[in-house]
Amino acid sequence: MSRKTSIFTAAALAAALLLPRLAGAAERYPSHPITMVVPFPAGGGVDAVARIVADKLGAALGQPLVIDNRGGAAGVIGMRMGARAAPDGYTLILAHTGSTSINPSLYANAGYDPRADFATIGLISSTPVVLMAHPSFAARSIAELIAMARKEPGKINLGTPPPGTGGYLAAELFKSMSGADVTIIPYKGTAALTTDLLGGHVPVGFNVIAPAMGSLRGGSLRAVAVAGPERSGLFPDVPTVSESGLPGFEAVLHYGLLAPAGTPKEIIARLNMELRTLVASADVRERIAA
């Protein structure tokens, strides 16, 4: 037997001995609490979705899912942490469009590769970015906002989540497509942006729905336009940015659940099955909408 043949034979034998252990681990999974890394601060849109999923998924699995908010650098810090976690099913990552698609495209080296460093568990939901304003803000539509910005270049402050997020890029896209000279004010998170919108410290901004939903429904904030391909069922009377004079404008965020690459396929399959069941339930759909 050649040296090369003996090496391959030994490797095959080791793999054969390991498979029953992996299968057994998957059968016993989960045997202790699971950590869900959320790459954004508490109180924001990603965090809100994470807590709904963690509550239901933990109940389905019979073990609690503990939220670990690792905000910073528009999601880069948390994603790096998730990519380097042990691939044993006990670390999950709540990711969205910004952390999986935007950051790796914006930065020469984000510190992680969304295709190579993660295993996909499944999609949770999709939601458009919304242009929202304090009730006192004079512009009631996209057209009026553009007219105001052209009349007073650089004087309108427009708030956004951190650079690299969907809301921030929506603002840059708005400036590019409309020619409106507004001053973009990026915040550390969507919760902080919502707070300043409520206080009138920034009059208008591109924000996610989750942290502002109660304020939008209660009237303390006003939805000016929805940045989806069609009107939102949550705000059927609010026009899209596209139909308001900027055809083709779209900024939609997708939320999904990931695990570190190398997580056993049996565990990924179990998590996918449980996630699909809970996302399809009326209770979860209503909680995400609320």
# chains A, B, ... in the order shown; residues from 1 in each chain; ligands from 1

$ residues_around --residues "Val224 (chain A)" --least-positions-apart "4" --cutoff "8 Å" --atoms "only C-alpha atoms" --output "PyMOL selection string"
chain A and resi 130-133+140-142+238-239

$ residues_around --residues "Leu253 (chain A)" --least-positions-apart "2" --cutoff "8 Å" --atoms "only C-alpha atoms" --output "ChimeraX atom specification"
/A:96-98,126-129,166,251,255

$ closest_residue --among "A:Leu234, A:Asp113, A:Ile121, A:Tyr90" --to "Asn272 (chain A)" --atoms "only C-alpha atoms"
A:Ile121

$ select_by_dssp --residues "region 57-269 of chain A" --states "strand (DSSP E or B)" --output "MDAnalysis selection string"
chainID A and resid 65:69 91:96 118:128 130:133 157:160 183:186 204:207 222:226 240 252:260

$ write_last_selection --atoms "C-alpha atoms" --output "mmCIF file, in the first residue's frame"
data_model
loop_
_atom_site.group_PDB
_atom_site.id
_atom_site.type_symbol
_atom_site.label_atom_id
_atom_site.label_comp_id
_atom_site.auth_asym_id
_atom_site.auth_seq_id
_atom_site.Cartn_x
_atom_site.Cartn_y
_atom_site.Cartn_z
ATOM 1 C CA LEU A 65 -32.363 31.838 22.512
ATOM 2 C CA VAL A 66 -30.272 34.545 24.178
ATOM 3 C CA ILE A 67 -29.935 37.804 22.237
ATOM 4 C CA ASP A 68 -26.395 39.185 22.001
ATOM 5 C CA ASN A 69 -26.451 42.699 20.508
ATOM 6 C CA THR A 91 -24.558 30.494 17.647
ATOM 7 C CA LEU A 92 -27.034 31.924 15.139
ATOM 8 C CA ILE A 93 -26.897 35.288 13.385
ATOM 9 C CA LEU A 94 -29.846 37.552 12.606
ATOM 10 C CA ALA A 95 -28.717 39.219 9.392
ATOM 11 C CA HIS A 96 -30.300 41.506 6.847
ATOM 12 C CA PHE A 118 -22.173 31.385 6.752
ATOM 13 C CA ALA A 119 -24.763 28.667 6.253
ATOM 14 C CA THR A 120 -28.233 29.913 5.326
ATOM 15 C CA ILE A 121 -31.102 28.825 7.569
ATOM 16 C CA GLY A 122 -33.915 30.824 5.994
ATOM 17 C CA LEU A 123 -35.703 34.079 5.179
ATOM 18 C CA ILE A 124 -37.795 35.716 7.903
ATOM 19 C CA SER A 125 -39.376 38.781 6.335
ATOM 20 C CA SER A 126 -38.945 41.699 3.955
ATOM 21 C CA THR A 127 -39.810 45.333 4.605
ATOM 22 C CA PRO A 128 -39.374 48.608 2.711
ATOM 23 C CA VAL A 130 -39.881 54.514 4.734
ATOM 24 C CA LEU A 131 -39.351 58.249 4.346
ATOM 25 C CA MET A 132 -40.880 59.613 7.558
ATOM 26 C CA ALA A 133 -41.101 63.065 9.068
ATOM 27 C CA ASN A 157 -31.207 67.714 7.447
ATOM 28 C CA LEU A 158 -32.238 64.194 6.488
ATOM 29 C CA GLY A 159 -31.608 61.496 9.100
ATOM 30 C CA THR A 160 -30.573 57.937 8.313
ATOM 31 C CA THR A 183 -27.617 67.163 4.290
ATOM 32 C CA ILE A 184 -27.513 63.517 5.366
ATOM 33 C CA ILE A 185 -27.239 63.002 9.131
ATOM 34 C CA PRO A 186 -26.327 59.356 9.911
ATOM 35 C CA VAL A 204 -37.237 63.984 8.095
ATOM 36 C CA GLY A 205 -35.402 60.718 7.480
ATOM 37 C CA PHE A 206 -35.235 57.361 5.753
ATOM 38 C CA ASN A 207 -35.893 54.806 8.483
ATOM 39 C CA ARG A 222 -45.812 60.911 9.518
ATOM 40 C CA ALA A 223 -45.029 58.505 6.681
ATOM 41 C CA VAL A 224 -44.244 60.535 3.560
ATOM 42 C CA ALA A 225 -43.461 57.722 1.122
ATOM 43 C CA VAL A 226 -42.668 54.008 1.088
ATOM 44 C CA THR A 240 -44.312 54.778 -2.990
ATOM 45 C CA VAL A 252 -36.210 47.044 0.593
ATOM 46 C CA LEU A 253 -34.596 45.154 3.472
ATOM 47 C CA HIS A 254 -34.664 41.365 3.793
ATOM 48 C CA TYR A 255 -34.188 39.705 7.195
ATOM 49 C CA GLY A 256 -32.869 36.162 7.545
ATOM 50 C CA LEU A 257 -31.257 33.693 9.916
ATOM 51 C CA LEU A 258 -27.706 32.360 9.423
ATOM 52 C CA ALA A 259 -25.291 30.020 11.168
ATOM 53 C CA PRO A 260 -21.491 29.775 10.914
#

$ closest_atom_pairs --of "region 179-228 of chain A" --to "region 37-53 of chain A" --cutoff "9 Å" --atoms "only C-alpha atoms" --output "tab-separated table"
residue	atom	partner	partner_atom	distance
A:Lys188	CA	A:Pro41	CA	8.3
A:Gly189	CA	A:Pro41	CA	6.5
A:Thr190	CA	A:Gly44	CA	5.0
A:Ala191	CA	A:Gly44	CA	4.8
A:Ala192	CA	A:Gly44	CA	8.3
A:Thr194	CA	A:Gly44	CA	9.0
A:Val208	CA	A:Gly45	CA	6.2
A:Ile209	CA	A:Gly45	CA	7.0
A:Ala210	CA	A:Gly45	CA	4.8
A:Pro211	CA	A:Gly44	CA	5.6
A:Ala212	CA	A:Gly45	CA	8.9

$ write_last_selection --atoms "N, CA and C atoms" --output "compact mmCIF listing (two decimals), in the first residue's frame"
# COMPACT_ATOMS: atom_id res chain seq x y z
N LYS A 188 -26.30 56.30 14.89
CA LYS A 188 -25.68 55.02 15.25
C LYS A 188 -26.63 53.85 15.07
N GLY A 189 -27.93 54.12 15.11
CA GLY A 189 -28.91 53.05 14.96
C GLY A 189 -30.27 53.62 14.65
N THR A 190 -31.21 52.74 14.29
CA THR A 190 -32.54 53.20 13.92
C THR A 190 -33.33 53.70 15.13
N ALA A 191 -33.05 53.14 16.31
CA ALA A 191 -33.74 53.61 17.51
C ALA A 191 -33.38 55.06 17.82
N ALA A 192 -32.09 55.38 17.71
CA ALA A 192 -31.64 56.76 17.96
C ALA A 192 -32.22 57.71 16.93
N THR A 194 -35.07 57.31 15.32
CA THR A 194 -36.49 57.45 15.63
C THR A 194 -36.70 58.45 16.76
N VAL A 208 -36.32 52.49 9.04
CA VAL A 208 -37.06 51.24 8.96
C VAL A 208 -38.36 51.39 9.75
N ILE A 209 -39.30 50.50 9.51
CA ILE A 209 -40.63 50.64 10.11
C ILE A 209 -40.66 50.26 11.58
N ALA A 210 -39.96 49.16 11.94
CA ALA A 210 -40.14 48.55 13.26
C ALA A 210 -40.08 49.51 14.45
N PRO A 211 -39.01 50.27 14.65
CA PRO A 211 -38.95 51.12 15.84
C PRO A 211 -39.89 52.32 15.80
N ALA A 212 -40.45 52.61 14.62
CA ALA A 212 -41.30 53.79 14.48
C ALA A 212 -42.78 53.45 14.28

$ residues_around --residues "region 108-112 of chain A" --least-positions-apart "4" --cutoff "10 Å" --atoms "only C-alpha atoms" --output "number ranges by chain"
A: 73, 75-77, 79-84, 99-100, 103-104, 116-118

$ select_by_dssp --residues "region 20-220 of chain A" --states "helix (DSSP H, G or I)" --output "ChimeraX atom specification"
/A:20-28,45-61,73-83,97-106,142-151,166-178,190-199,210-218
